[in-house]
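Everything below concerns the one structure shown next.
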Amino acid sequence: MKKSGLSLILLSLVLVSSLMFVSAAVLDNSPKSQIIIVMVDFLNLGSTWKEIIIGIILLAIIIFALFDILSITSLFSAFPNLVISIGLGLIFLITGMVNNITIFMSQLLAGLGAFAIWFEIGLAIVIFIGLSIGSGPIQRWAANMHANRLKVKAMESANTVNAGATFLKRVSKDNT
């Protein structure tokens, strides 16, 4: 069986098996059967339906990623790669690594976002102060750019005046 066929079968199994969780997510306070409670506790999926659904989705993502990595790097065929990736995904889920990785990544991304905002604010302040106070090379560069803009405007104006003068000469020749 091809890799795309196995991926499609795995995705279908995950979607069909999580259908009952999605339909029960609306009833967050609904009682859970004993089998679901044991499975959720064993897999460390969480206590609410939303956490269970997120855990299943993360498990599917981990399994697909591991399957792709194993398909590229291993010498096995597709089926052993799928079994290995499912096994590793379940190990990640049972040991709580999925929750830990999720928490770590969300904290890391929040910290990087805050750092990026502070860096941007600091850079804007440095640029503002640098342009306000001005240093020698920056002032010369700004003056040179301003002079170049004025030259271009003057050339455009001169061309317009020259075209107008040529037009007036023709009109005056034609009328005389």
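Here, A, B, ... name the chains of the structure tokens in the order displayed, residue numbers run from 1 inside each chain, and ligands are numbered from 1 in the same displayed order.
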| Who sits within 10 Å of region 97-105 of chain A, only C-alpha atoms, same chain under 5 positions skipped, as a list in words | Asn44, Leu45, Gly46, Glu51, Ile54, Gly55, Leu58, Leu59, Ile62, Gly89, Leu90, Ile91, Phe92, Ala110 and Gly111 of chain A
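Taking CA of Ile127 (chain A) as the reference point, CA of Gly113 (chain A) is found at 21.0 Å.
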| task | List every residue of region 21-151 of chain A that DSSP, applied to the backbone of this structure, places in alpha helix (DSSP H), and write the result as a count of residues only. | result | 109
